[in-house]
file query.txt (compact mmCIF, C-alpha atoms)
# COMPACT_ATOMS: atom_id res chain seq x y z
CA MET A 54 3.45 13.51 10.85
CA SER A 55 2.92 14.59 7.34
CA MET A 56 -0.65 15.40 6.55
CA PHE A 57 -0.50 13.66 3.18
CA GLY A 58 1.24 10.48 4.36
CA GLY A 59 -1.55 8.20 3.17
CA LEU A 60 -1.61 9.83 -0.26
CA GLU A 61 2.16 9.47 -0.68
CA ILE A 62 2.09 5.80 0.31
CA SER A 63 -0.68 5.07 -2.21
CA ALA A 64 1.21 7.09 -4.85
CA SER A 65 4.27 4.87 -4.34
CA GLY A 66 2.00 1.86 -4.95
CA LEU A 67 0.70 3.44 -8.19
CA THR A 68 4.26 4.08 -9.41
CA ALA A 69 5.36 0.51 -8.64
CA GLN A 70 2.33 -1.11 -10.30
CA ARG A 71 2.65 1.09 -13.38
CA LEU A 72 6.28 0.02 -13.75
CA ARG A 73 5.20 -3.62 -13.43
CA MET A 74 2.73 -3.01 -16.26
CA ASP A 75 5.45 -1.37 -18.39
CA VAL A 76 7.78 -4.33 -17.87
CA THR A 77 4.99 -6.81 -18.70
CA ALA A 78 4.26 -4.84 -21.87
CA GLU A 79 7.95 -5.02 -22.80
CA ASN A 80 7.95 -8.80 -22.25
CA LEU A 81 4.86 -9.22 -24.43
CA ALA A 82 6.26 -6.96 -27.17
CA ASN A 83 9.45 -9.05 -27.23
CA ALA A 84 7.77 -12.46 -27.08
CA GLN A 85 9.20 -13.33 -30.55
CA THR A 86 12.51 -11.43 -30.36
CA THR A 87 15.22 -13.96 -31.17
CA LYS A 88 18.08 -11.47 -31.34
CA GLY A 89 18.58 -8.78 -28.71
CA ALA A 90 21.38 -6.22 -28.34
CA ASP A 91 23.76 -8.98 -27.18
CA GLY A 92 22.83 -11.26 -30.10
CA GLN A 93 20.99 -13.61 -27.73
CA PRO A 94 17.20 -14.20 -27.59
CA TYR A 95 15.27 -11.76 -25.39
CA ARG A 96 14.94 -12.78 -21.74
CA ARG A 97 11.81 -11.84 -19.81
CA LYS A 98 12.16 -9.25 -17.06
CA GLU A 99 10.44 -9.18 -13.70
CA VAL A 100 9.97 -6.36 -11.20
CA VAL A 101 11.02 -7.10 -7.60
CA LEU A 102 9.24 -4.92 -5.05
CA ARG A 103 10.27 -4.09 -1.49
CA GLU A 104 8.92 -1.95 1.33
CA VAL A 105 10.39 1.56 1.61
CA GLY A 106 12.88 1.78 4.47
CA GLN A 107 13.49 -1.96 4.52
CA GLY A 108 16.83 -1.86 2.76
CA GLY A 109 20.10 -1.26 4.62
CA PHE A 110 20.29 0.51 7.96
CA GLY A 111 16.59 0.82 8.74
CA ALA A 112 15.98 -2.90 8.32
CA ALA A 113 19.05 -3.81 10.36
CA LEU A 114 18.00 -1.49 13.17
CA THR A 115 14.43 -2.82 13.26
CA ALA A 116 15.72 -6.40 13.34
CA ALA A 117 18.20 -5.55 16.10
CA MET A 118 15.57 -3.81 18.21
CA GLY A 119 13.37 -6.89 17.88
CA SER A 120 10.21 -4.88 18.38
CA GLY A 121 7.14 -5.29 16.26
CA SER A 122 6.34 -1.60 16.16
CA LYS A 123 7.43 0.71 13.38
CA ALA A 124 7.96 4.44 13.45
CA ARG A 125 5.95 4.88 10.27
CA PRO A 126 4.46 2.63 7.66
CA GLY A 127 6.46 2.79 4.45
CA GLY A 128 5.28 2.76 0.89
CA VAL A 129 6.60 0.43 -1.76
CA GLU A 130 9.57 0.80 -4.09
CA VAL A 131 11.15 -1.17 -6.89
CA ALA A 132 14.18 -3.08 -5.56
CA GLU A 133 15.34 -4.25 -8.98
CA ILE A 134 14.20 -5.34 -12.43
CA ALA A 135 15.45 -8.93 -12.50
CA THR A 136 16.04 -10.98 -15.62
CA ASP A 137 14.48 -14.43 -15.77
CA GLN A 138 17.35 -16.82 -16.61
CA THR A 139 15.26 -19.87 -17.47
CA ALA A 140 15.78 -21.24 -20.98
CA GLY A 141 13.25 -20.58 -23.71
CA LYS A 142 11.70 -23.05 -26.11
CA MET A 143 13.54 -24.45 -29.11
CA VAL A 144 11.41 -24.19 -32.23
CA TYR A 145 12.14 -26.07 -35.44
CA ASP A 146 12.30 -23.52 -38.26
CA PRO A 147 15.27 -24.16 -40.59
CA SER A 148 14.49 -21.15 -42.78
CA HIS A 149 14.89 -18.74 -39.84
CA PRO A 150 18.13 -16.70 -40.03
CA ASP A 151 18.80 -17.45 -36.31
CA ALA A 152 18.37 -21.21 -36.69
CA ASN A 153 21.27 -23.40 -35.50
CA ALA A 154 22.95 -26.21 -37.50
CA GLN A 155 20.10 -28.60 -36.61
CA GLY A 156 17.47 -26.10 -37.78
CA TYR A 157 16.22 -25.13 -34.33
CA VAL A 158 15.66 -21.53 -33.21
CA GLN A 159 16.14 -20.52 -29.56
CA MET A 160 12.99 -18.53 -28.65
CA PRO A 161 12.64 -16.02 -25.78
CA ASN A 162 11.46 -17.43 -22.40
CA VAL A 163 8.30 -15.31 -22.53
CA ASP A 164 5.05 -17.16 -21.81
CA THR A 165 2.15 -15.04 -23.06
CA VAL A 166 -0.31 -16.52 -20.54
CA THR A 167 1.96 -15.72 -17.56
CA GLU A 168 2.40 -12.17 -18.83
CA MET A 169 -1.37 -11.67 -19.24
CA VAL A 170 -1.94 -12.88 -15.66
CA ASP A 171 0.76 -10.48 -14.41
CA LEU A 172 -0.87 -7.69 -16.40
CA ILE A 173 -4.30 -8.30 -14.84
CA ASP A 174 -2.71 -8.62 -11.37
CA SER A 175 -0.89 -5.29 -11.61
CA SER A 176 -3.97 -3.61 -13.09
CA ARG A 177 -6.12 -4.76 -10.12
CA ALA A 178 -3.42 -3.76 -7.62
CA TYR A 179 -3.29 -0.33 -9.27
CA GLU A 180 -7.06 0.04 -8.80
CA ALA A 181 -6.77 -0.96 -5.14
CA ASN A 182 -4.18 1.78 -4.60
CA VAL A 183 -6.46 4.29 -6.32
CA THR A 184 -9.29 3.29 -3.93
CA ALA A 185 -7.00 3.75 -0.91
CA MET A 186 -5.94 7.15 -2.26
CA GLN A 187 -9.56 8.25 -2.70
CA ALA A 188 -10.36 7.18 0.87
CA SER A 189 -7.38 9.19 2.19
CA LYS A 190 -8.44 12.23 0.20
CA GLN A 191 -12.02 11.96 1.45
CA MET A 192 -10.79 11.76 5.06
CA PHE A 193 -8.64 14.90 4.69
CA THR A 194 -11.56 16.75 3.13
CA LYS A 195 -13.90 15.76 5.97
CA THR A 196 -11.34 16.86 8.57
CA LEU A 197 -10.87 20.19 6.81
CA ASP A 198 -14.66 20.67 6.89
CA LEU A 199 -14.30 21.10 10.68
CA LEU A 200 -12.92 24.57 9.95
CA LYS A 201 -16.11 25.70 8.25
CA MET B 138 -11.76 25.10 29.78
CA LEU B 139 -13.49 25.53 26.44
CA PHE B 140 -13.17 21.91 25.31
CA ASP B 141 -13.99 18.92 27.53
CA THR B 142 -12.41 15.46 27.49
CA THR B 143 -15.00 14.15 25.02
CA GLN B 144 -13.91 16.73 22.46
CA LEU B 145 -10.29 15.80 23.17
CA ALA B 146 -11.13 12.10 22.71
CA LEU B 147 -12.81 12.87 19.38
CA GLU B 148 -9.75 14.79 18.25
CA ARG B 149 -7.50 11.87 19.24
CA ALA B 150 -9.84 9.45 17.40
CA ILE B 151 -9.53 11.52 14.20
CA SER B 152 -5.76 11.49 14.58
CA GLY B 153 -5.75 7.73 15.26
CA ALA B 154 -7.91 7.03 12.22
CA SER B 155 -5.57 8.99 9.96
CA THR B 156 -2.55 7.07 11.32
CA ARG B 157 -4.44 3.82 10.69
CA GLN B 158 -5.29 5.02 7.18
CA GLU B 159 -1.54 5.32 6.48
CA ALA B 160 -0.94 1.79 7.76
CA LEU B 161 -3.74 0.33 5.61
CA ALA B 162 -2.56 2.29 2.55
CA ALA B 163 0.93 0.87 3.11
CA ASN B 164 -0.48 -2.67 3.28
CA ILE B 165 -2.28 -2.19 -0.03
CA ALA B 166 0.81 -0.64 -1.65
CA ASN B 167 2.92 -3.58 -0.45
CA ALA B 168 0.48 -6.35 -1.38
CA ASP B 169 2.94 -7.64 -4.00
CA THR B 170 6.06 -7.26 -1.85
CA PRO B 171 7.54 -10.69 -1.06
CA GLY B 172 7.69 -11.39 2.69
CA TYR B 173 5.80 -8.21 3.64
CA ARG B 174 4.01 -8.40 7.01
CA ARG B 175 0.87 -6.30 7.34
CA VAL B 176 0.79 -3.47 9.88
CA ASP B 177 -2.17 -2.03 11.77
CA VAL B 178 -2.94 0.63 14.37
CA ASP B 179 -5.17 -0.29 17.32
CA PHE B 180 -6.32 3.25 18.10
CA HIS B 181 -9.66 2.08 19.52
CA GLY B 182 -7.81 0.01 22.13
CA ALA B 183 -5.42 2.86 22.98
CA LEU B 184 -8.30 5.33 23.37
CA ALA B 185 -10.40 2.91 25.42
CA ALA B 186 -7.45 2.45 27.79
CA ALA B 187 -7.03 6.23 28.12
CA MET B 188 -10.77 6.75 28.74
CA GLY B 189 -10.67 4.09 31.46
CA SER B 190 -7.88 5.78 33.44
CA SER B 191 -8.46 8.04 36.44
CA ASP B 192 -7.06 11.21 34.86
CA ARG B 193 -8.66 11.08 31.43
CA ARG B 194 -7.42 14.41 30.14
CA SER B 195 -3.71 13.81 30.67
CA ALA B 196 -4.04 10.16 29.58
CA LEU B 197 -5.69 11.26 26.32
CA GLU B 198 -3.08 13.95 25.76
CA ARG B 199 -0.32 11.38 26.18
CA THR B 200 -1.94 8.80 23.88
CA GLY B 201 0.09 8.37 20.71
CA PHE B 202 -0.51 6.01 17.83
CA SER B 203 2.09 3.93 16.06
CA PRO B 204 1.63 1.10 13.62
CA SER B 205 2.72 -2.37 14.70
CA VAL B 206 3.20 -5.58 12.76
CA ASP B 207 0.09 -7.76 12.82
CA LYS B 208 1.29 -11.14 14.10
CA SER B 209 -2.19 -12.71 14.15
CA VAL B 210 -2.28 -13.52 10.44
CA GLY B 211 -0.28 -16.11 8.58
CA ALA B 212 1.04 -15.86 5.03
CA MET B 213 -1.75 -15.31 2.50
CA ARG B 214 0.42 -15.96 -0.53
CA ALA B 215 3.25 -18.18 -1.67
CA ASP B 216 5.69 -15.24 -1.49
CA GLY B 217 5.11 -14.83 2.27
CA SER B 218 3.07 -11.61 2.11
CA THR B 219 0.39 -11.48 4.85
CA VAL B 220 -1.80 -8.97 2.98
CA ASP B 221 -5.34 -10.10 2.14
CA MET B 222 -6.49 -7.48 -0.35
CA ASP B 223 -10.23 -7.95 0.32
CA SER B 224 -9.85 -7.62 4.06
CA GLU B 225 -7.62 -4.53 3.63
CA GLN B 226 -10.26 -2.88 1.43
CA ALA B 227 -12.95 -3.65 4.01
CA LYS B 228 -10.82 -2.25 6.84
CA LEU B 229 -10.06 0.83 4.75
CA ALA B 230 -13.76 1.52 4.20
CA ALA B 231 -14.58 0.91 7.88
CA ASN B 232 -11.75 3.20 8.99
CA ALA B 233 -12.93 6.03 6.72
CA LEU B 234 -16.43 5.71 8.24
CA ASP B 235 -14.94 5.69 11.77
CA GLN B 236 -13.11 8.89 10.99
CA GLN B 237 -16.17 10.54 9.41
CA ALA B 238 -18.31 9.63 12.41
CA ALA B 239 -15.78 11.25 14.77
CA VAL B 240 -15.55 14.35 12.56
CA GLN B 241 -19.34 14.61 12.36
CA VAL B 242 -19.78 14.44 16.15
CA ALA B 243 -16.90 16.87 16.72
CA ALA B 244 -18.44 19.33 14.23
CA SER B 245 -21.87 19.09 15.87
CA ARG B 246 -20.36 19.75 19.30
CA ILE B 247 -18.49 22.79 17.97
CA GLN B 248 -21.75 23.99 16.43
CA ILE B 249 -23.52 23.69 19.81
CA LEU B 250 -20.66 25.60 21.46
CA LYS B 251 -20.94 28.33 18.85
CA MET B 252 -24.67 28.60 19.48
CA ALA B 253 -24.07 28.96 23.23
CA ILE B 254 -21.44 31.66 22.66
CA GLY B 255 -23.74 33.54 20.31
CA GLY B 256 -26.64 33.36 22.76
CA GLY B 257 -28.73 31.16 20.47
CA ALA B 258 -28.63 33.67 17.60
call {"tool": "encode", "arguments": {"input": "query.txt", "output": "structure tokens"}}
result
Amino acid sequence: MSMFGGLEISASGLTAQRLRMDVTAENLANAQTTKGADGQPYRRKEVVLREVGQGGFGAALTAAMGSGSKARPGGVEVAEIATDQTAGKMVYDPSHPDANAQGYVQMPNVDTVTEMVDLIDSSRAYEANVTAMQASKQMFTKTLDLLK
Amino acid sequence: MLFDTTQLALERAISGASTRQEALAANIANADTPGYRRVDVDFHGALAAAMGSSDRRSALERTGFSPSVDKSVGAMRADGSTVDMDSEQAKLAANALDQQAAVQVAASRIQILKMAIGGGA
């Protein structure tokens, strides 16, 4: 058993939540982007998380064994950054260079309120991981004090 | 033998608490993972069973701790995750106190032993 297991697990949580915040920031920054690299309006991105060791062989083995016990608890990792394929709003603005023949502009599918909620959620989750990390650190310190 | 079974039990309790700490940290890290099922370590139960056996010392030495999926809780969220963040935080705090209590008692016992070896000096 690694001595710093708890710290590493919490660190994986910090990394994942920070990436979620980065992606939310990107969505917010591009809330009005009507022309991306592919000439289409920007599409919002979403981070999909999964437990470490739950992809591929490890997951198949655990399922096959049918037991509830795990060798070790895993941290979290980013499985993918998915693109939200729902359609965005059509806004009437004939003077806009990206307006279609009817004068409507296809806007990105970014909803500012949803993004703000995601931002707060990942910020709170980040804090929770920091708390867990501090508790782990405190426990190691106390155990090391036995050597005094 | 220099250390008795109580000291051994305290050492196992410290080890159990640190394994549980890993499990609780993993639950918090995976709070936003869809379909994640929370894990926990029942080290109190494992130690109580070992202390209740006829040969305590060997039972304690054989006691290992491994996290298991907590089947007692249902999904807390729409995405199927069974992690309740408030309850995880409470368990985390309680576990840290458990571990500190064990460390404190173990340290005091070592201190007493030292005093006996030094002839009370």
call {"tool": "closest_atom_pairs", "arguments": {"input": "query.txt", "of": "chain A", "to": "chain B", "cutoff": "10 Å", "atoms": "all atoms listed in the file", "output": "tab-separated table"}}
result
residue	atom	partner	partner_atom	distance
A:Met54	CA	B:Thr156	CA	8.8
A:Met56	CA	B:Ser155	CA	8.8
A:Phe57	CA	B:Glu159	CA	9.0
A:Gly58	CA	B:Glu159	CA	6.2
A:Gly59	CA	B:Glu159	CA	4.4
A:Leu60	CA	B:Ala162	CA	8.1
A:Glu61	CA	B:Glu159	CA	9.1
A:Ile62	CA	B:Ala163	CA	5.8
A:Ser63	CA	B:Ala162	CA	5.8
A:Ala64	CA	B:Ala166	CA	8.4
A:Ser65	CA	B:Ala166	CA	7.0
A:Gly66	CA	B:Ala166	CA	4.3
A:Leu67	CA	B:Ala166	CA	7.7
A:Thr68	CA	B:Ala166	CA	9.7
A:Ala69	CA	B:Ala166	CA	8.4
A:Gln70	CA	B:Ala166	CA	8.8
A:Val101	CA	B:Thr170	CA	7.6
A:Leu102	CA	B:Thr170	CA	5.1
A:Arg103	CA	B:Thr170	CA	5.3
A:Glu104	CA	B:Asn167	CA	6.5
A:Val105	CA	B:Asn167	CA	9.3
A:Gln107	CA	B:Tyr173	CA	9.9
A:Ser120	CA	B:Ser205	CA	8.7
A:Gly121	CA	B:Val206	CA	5.3
A:Ser122	CA	B:Ser205	CA	4.0
A:Lys123	CA	B:Ser205	CA	5.8
A:Ala124	CA	B:Ser203	CA	6.4
A:Arg125	CA	B:Pro204	CA	6.6
A:Pro126	CA	B:Ala160	CA	5.5
A:Gly127	CA	B:Ala163	CA	6.0
A:Gly128	CA	B:Ala163	CA	5.2
A:Val129	CA	B:Asn167	CA	5.6
A:Glu130	CA	B:Asn167	CA	8.8
A:Val131	CA	B:Thr170	CA	9.4
A:Ala132	CA	B:Thr170	CA	9.9
A:Asp174	CA	B:Asp169	CA	9.3
A:Ser175	CA	B:Asp169	CA	8.8
A:Ala178	CA	B:Ala168	CA	7.8
A:Tyr179	CA	B:Ala166	CA	8.7
A:Ala181	CA	B:Ile165	CA	6.9
A:Asn182	CA	B:Ala166	CA	6.3
A:Val183	CA	B:Ala162	CA	9.9
A:Thr184	CA	B:Gln226	CA	8.2
A:Ala185	CA	B:Ala162	CA	5.8
A:Met186	CA	B:Ala162	CA	7.6
A:Ala188	CA	B:Ala233	CA	6.5
A:Ser189	CA	B:Gln158	CA	6.8
A:Gln191	CA	B:Ala233	CA	8.0
A:Met192	CA	B:Ala233	CA	6.3
A:Phe193	CA	B:Ser155	CA	8.5
A:Thr194	CA	B:Gln237	CA	10.0
A:Lys195	CA	B:Gln237	CA	6.7
A:Thr196	CA	B:Val240	CA	6.3
A:Leu197	CA	B:Val240	CA	9.4
A:Asp198	CA	B:Ala244	CA	8.4
A:Leu199	CA	B:Ala244	CA	5.7
A:Leu200	CA	B:Ala244	CA	8.7
A:Lys201	CA	B:Ala244	CA	9.0
call {"tool": "write_last_selection", "arguments": {"input": "query.txt", "atoms": "C-alpha atoms", "output": "PDB file, keeping the file's coordinate frame"}}
result
ATOM      1  CA  MET A  54       3.450  13.510  10.850  1.00  0.00           C
ATOM      2  CA  MET A  56      -0.650  15.400   6.550  1.00  0.00           C
ATOM      3  CA  PHE A  57      -0.500  13.660   3.180  1.00  0.00           C
ATOM      4  CA  GLY A  58       1.240  10.480   4.360  1.00  0.00           C
ATOM      5  CA  GLY A  59      -1.550   8.200   3.170  1.00  0.00           C
ATOM      6  CA  LEU A  60      -1.610   9.830  -0.260  1.00  0.00           C
ATOM      7  CA  GLU A  61       2.160   9.470  -0.680  1.00  0.00           C
ATOM      8  CA  ILE A  62       2.090   5.800   0.310  1.00  0.00           C
ATOM      9  CA  SER A  63      -0.680   5.070  -2.210  1.00  0.00           C
ATOM     10  CA  ALA A  64       1.210   7.090  -4.850  1.00  0.00           C
ATOM     11  CA  SER A  65       4.270   4.870  -4.340  1.00  0.00           C
ATOM     12  CA  GLY A  66       2.000   1.860  -4.950  1.00  0.00           C
ATOM     13  CA  LEU A  67       0.700   3.440  -8.190  1.00  0.00           C
ATOM     14  CA  THR A  68       4.260   4.080  -9.410  1.00  0.00           C
ATOM     15  CA  ALA A  69       5.360   0.510  -8.640  1.00  0.00           C
ATOM     16  CA  GLN A  70       2.330  -1.110 -10.300  1.00  0.00           C
ATOM     17  CA  VAL A 101      11.020  -7.100  -7.600  1.00  0.00           C
ATOM     18  CA  LEU A 102       9.240  -4.920  -5.050  1.00  0.00           C
ATOM     19  CA  ARG A 103      10.270  -4.090  -1.490  1.00  0.00           C
ATOM     20  CA  GLU A 104       8.920  -1.950   1.330  1.00  0.00           C
ATOM     21  CA  VAL A 105      10.390   1.560   1.610  1.00  0.00           C
ATOM     22  CA  GLN A 107      13.490  -1.960   4.520  1.00  0.00           C
ATOM     23  CA  SER A 120      10.210  -4.880  18.380  1.00  0.00           C
ATOM     24  CA  GLY A 121       7.140  -5.290  16.260  1.00  0.00           C
ATOM     25  CA  SER A 122       6.340  -1.600  16.160  1.00  0.00           C
ATOM     26  CA  LYS A 123       7.430   0.710  13.380  1.00  0.00           C
ATOM     27  CA  ALA A 124       7.960   4.440  13.450  1.00  0.00           C
ATOM     28  CA  ARG A 125       5.950   4.880  10.270  1.00  0.00           C
ATOM     29  CA  PRO A 126       4.460   2.630   7.660  1.00  0.00           C
ATOM     30  CA  GLY A 127       6.460   2.790   4.450  1.00  0.00           C
ATOM     31  CA  GLY A 128       5.280   2.760   0.890  1.00  0.00           C
ATOM     32  CA  VAL A 129       6.600   0.430  -1.760  1.00  0.00           C
ATOM     33  CA  GLU A 130       9.570   0.800  -4.090  1.00  0.00           C
ATOM     34  CA  VAL A 131      11.150  -1.170  -6.890  1.00  0.00           C
ATOM     35  CA  ALA A 132      14.180  -3.080  -5.560  1.00  0.00           C
ATOM     36  CA  ASP A 174      -2.710  -8.620 -11.370  1.00  0.00           C
ATOM     37  CA  SER A 175      -0.890  -5.290 -11.610  1.00  0.00           C
ATOM     38  CA  ALA A 178      -3.420  -3.760  -7.620  1.00  0.00           C
ATOM     39  CA  TYR A 179      -3.290  -0.330  -9.270  1.00  0.00           C
ATOM     40  CA  ALA A 181      -6.770  -0.960  -5.140  1.00  0.00           C
ATOM     41  CA  ASN A 182      -4.180   1.780  -4.600  1.00  0.00           C
ATOM     42  CA  VAL A 183      -6.460   4.290  -6.320  1.00  0.00           C
ATOM     43  CA  THR A 184      -9.290   3.290  -3.930  1.00  0.00           C
ATOM     44  CA  ALA A 185      -7.000   3.750  -0.910  1.00  0.00           C
ATOM     45  CA  MET A 186      -5.940   7.150  -2.260  1.00  0.00           C
ATOM     46  CA  ALA A 188     -10.360   7.180   0.870  1.00  0.00           C
ATOM     47  CA  SER A 189      -7.380   9.190   2.190  1.00  0.00           C
ATOM     48  CA  GLN A 191     -12.020  11.960   1.450  1.00  0.00           C
ATOM     49  CA  MET A 192     -10.790  11.760   5.060  1.00  0.00           C
ATOM     50  CA  PHE A 193      -8.640  14.900   4.690  1.00  0.00           C
ATOM     51  CA  THR A 194     -11.560  16.750   3.130  1.00  0.00           C
ATOM     52  CA  LYS A 195     -13.900  15.760   5.970  1.00  0.00           C
ATOM     53  CA  THR A 196     -11.340  16.860   8.570  1.00  0.00           C
ATOM     54  CA  LEU A 197     -10.870  20.190   6.810  1.00  0.00           C
ATOM     55  CA  ASP A 198     -14.660  20.670   6.890  1.00  0.00           C
ATOM     56  CA  LEU A 199     -14.300  21.100  10.680  1.00  0.00           C
ATOM     57  CA  LEU A 200     -12.920  24.570   9.950  1.00  0.00           C
ATOM     58  CA  LYS A 201     -16.110  25.700   8.250  1.00  0.00           C
TER      59      LYS A 201
END
call {"tool": "atom_distance", "arguments": {"input": "query.txt", "atom1": "atom CA of Val166 of chain A", "atom2": "atom CA of Asp216 of chain B"}}
result
20.0 Å
call {"tool": "closest_residue", "arguments": {"input": "query.txt", "among": "A:Thr77, A:Ser176, A:Ser148, A:Thr165", "to": "Glu99 of chain A", "atoms": "all atoms listed in the file"}}
result
A:Thr77
call {"tool": "residues_near_point", "arguments": {"input": "query.txt", "point": "(-12.9, 13.2, 22.4)", "cutoff": "10 Å", "atoms": "only C-alpha atoms", "output": "list in words"}}
result
Phe140, Asp141, Thr142, Thr143, Gln144, Leu145, Ala146, Leu147, Glu148, Arg149, Ala150, Ile151, Leu184, Met188, Arg194, Leu197, Ala239, Val242 and Ala243 of chain B
call {"tool": "atom_distance", "arguments": {"input": "query.txt", "atom1": "atom CA of Val163 of chain A", "atom2": "atom CA of Met213 of chain B"}}
result
27.0 Å
call {"tool": "closest_residue", "arguments": {"input": "query.txt", "among": "A:Asp151, A:Asp146, A:Asp171, A:Asp91", "to": "Val76 of chain A", "atoms": "all atoms listed in the file"}}
result
A:Asp171
call {"tool": "atom_distance", "arguments": {"input": "query.txt", "atom1": "atom CA of Glu180 of chain A", "atom2": "atom CA of Leu72 of chain A"}}
result
14.2 Å
call {"tool": "closest_residue", "arguments": {"input": "query.txt", "among": "B:Thr200, B:Ser209, B:Ser224, B:Thr219", "to": "Ala186 of chain B", "atoms": "all atoms listed in the file"}}
result
B:Thr200
call {"tool": "axis_aligned_box", "arguments": {"input": "query.txt", "around": "segment 222-227 of chain B", "padding_each_side": "8 Å", "output": "AutoDock Vina command-line options"}}
result
--center_x -9.7 --center_y -5.4 --center_z 1.9 --size_x 22.5 --size_y 21.1 --size_z 20.4
call {"tool": "residues_around", "arguments": {"input": "query.txt", "residues": "Met143 of chain A", "least_positions_apart": "3", "cutoff": "7 Å", "atoms": "all atoms listed in the file", "output": "number ranges by chain"}}
result
A: 157-160
call {"tool": "closest_residue", "arguments": {"input": "query.txt", "among": "A:Arg96, A:Pro161, A:Gln187, A:Ile173", "to": "Asp137 of chain A", "atoms": "only C-alpha atoms"}}
result
A:Arg96
call {"tool": "build_atoms", "arguments": {"input": "query.txt", "residues": "segment 188-201 of chain A", "atoms": "N, CA and C atoms", "output": "PDB file, keeping the file's coordinate frame"}}
result
ATOM      1  N   ALA A 188      -9.920   7.199  -0.525  1.00  0.00           N
ATOM      2  CA  ALA A 188     -10.360   7.180   0.870  1.00  0.00           C
ATOM      3  C   ALA A 188      -9.558   8.179   1.695  1.00  0.00           C
ATOM      4  N   SER A 189      -8.231   8.232   1.479  1.00  0.00           N
ATOM      5  CA  SER A 189      -7.380   9.190   2.190  1.00  0.00           C
ATOM      6  C   SER A 189      -7.826  10.617   1.904  1.00  0.00           C
ATOM      7  N   LYS A 190      -8.069  10.882   0.635  1.00  0.00           N
ATOM      8  CA  LYS A 190      -8.440  12.230   0.200  1.00  0.00           C
ATOM      9  C   LYS A 190      -9.762  12.651   0.850  1.00  0.00           C
ATOM     10  N   GLN A 191     -10.703  11.692   0.864  1.00  0.00           N
ATOM     11  CA  GLN A 191     -12.020  11.960   1.450  1.00  0.00           C
ATOM     12  C   GLN A 191     -11.877  12.279   2.945  1.00  0.00           C
ATOM     13  N   MET A 192     -10.982  11.538   3.631  1.00  0.00           N
ATOM     14  CA  MET A 192     -10.790  11.760   5.060  1.00  0.00           C
ATOM     15  C   MET A 192     -10.212  13.149   5.320  1.00  0.00           C
ATOM     16  N   PHE A 193      -9.218  13.555   4.514  1.00  0.00           N
ATOM     17  CA  PHE A 193      -8.640  14.900   4.690  1.00  0.00           C
ATOM     18  C   PHE A 193      -9.701  15.963   4.475  1.00  0.00           C
ATOM     19  N   THR A 194     -10.524  15.760   3.438  1.00  0.00           N
ATOM     20  CA  THR A 194     -11.560  16.750   3.130  1.00  0.00           C
ATOM     21  C   THR A 194     -12.530  16.884   4.285  1.00  0.00           C
ATOM     22  N   LYS A 195     -12.950  15.725   4.852  1.00  0.00           N
ATOM     23  CA  LYS A 195     -13.900  15.760   5.970  1.00  0.00           C
ATOM     24  C   LYS A 195     -13.288  16.485   7.165  1.00  0.00           C
ATOM     25  N   THR A 196     -11.998  16.211   7.439  1.00  0.00           N
ATOM     26  CA  THR A 196     -11.340  16.860   8.570  1.00  0.00           C
ATOM     27  C   THR A 196     -11.266  18.369   8.347  1.00  0.00           C
ATOM     28  N   LEU A 197     -10.966  18.760   7.113  1.00  0.00           N
ATOM     29  CA  LEU A 197     -10.870  20.190   6.810  1.00  0.00           C
ATOM     30  C   LEU A 197     -12.216  20.878   6.966  1.00  0.00           C
ATOM     31  N   ASP A 198     -13.321  20.109   6.762  1.00  0.00           N
ATOM     32  CA  ASP A 198     -14.660  20.670   6.890  1.00  0.00           C
ATOM     33  C   ASP A 198     -14.936  21.157   8.317  1.00  0.00           C
ATOM     34  N   LEU A 199     -14.147  20.653   9.291  1.00  0.00           N
ATOM     35  CA  LEU A 199     -14.300  21.100  10.680  1.00  0.00           C
ATOM     36  C   LEU A 199     -14.064  22.599  10.802  1.00  0.00           C
ATOM     37  N   LEU A 200     -13.278  23.154   9.880  1.00  0.00           N
ATOM     38  CA  LEU A 200     -12.920  24.570   9.950  1.00  0.00           C
ATOM     39  C   LEU A 200     -14.038  25.475   9.460  1.00  0.00           C
ATOM     40  N   LYS A 201     -15.028  24.892   8.808  1.00  0.00           N
ATOM     41  CA  LYS A 201     -16.110  25.700   8.250  1.00  0.00           C
ATOM     42  C   LYS A 201     -16.934  26.342   9.349  1.00  0.00           C
TER      43      LYS A 201
END
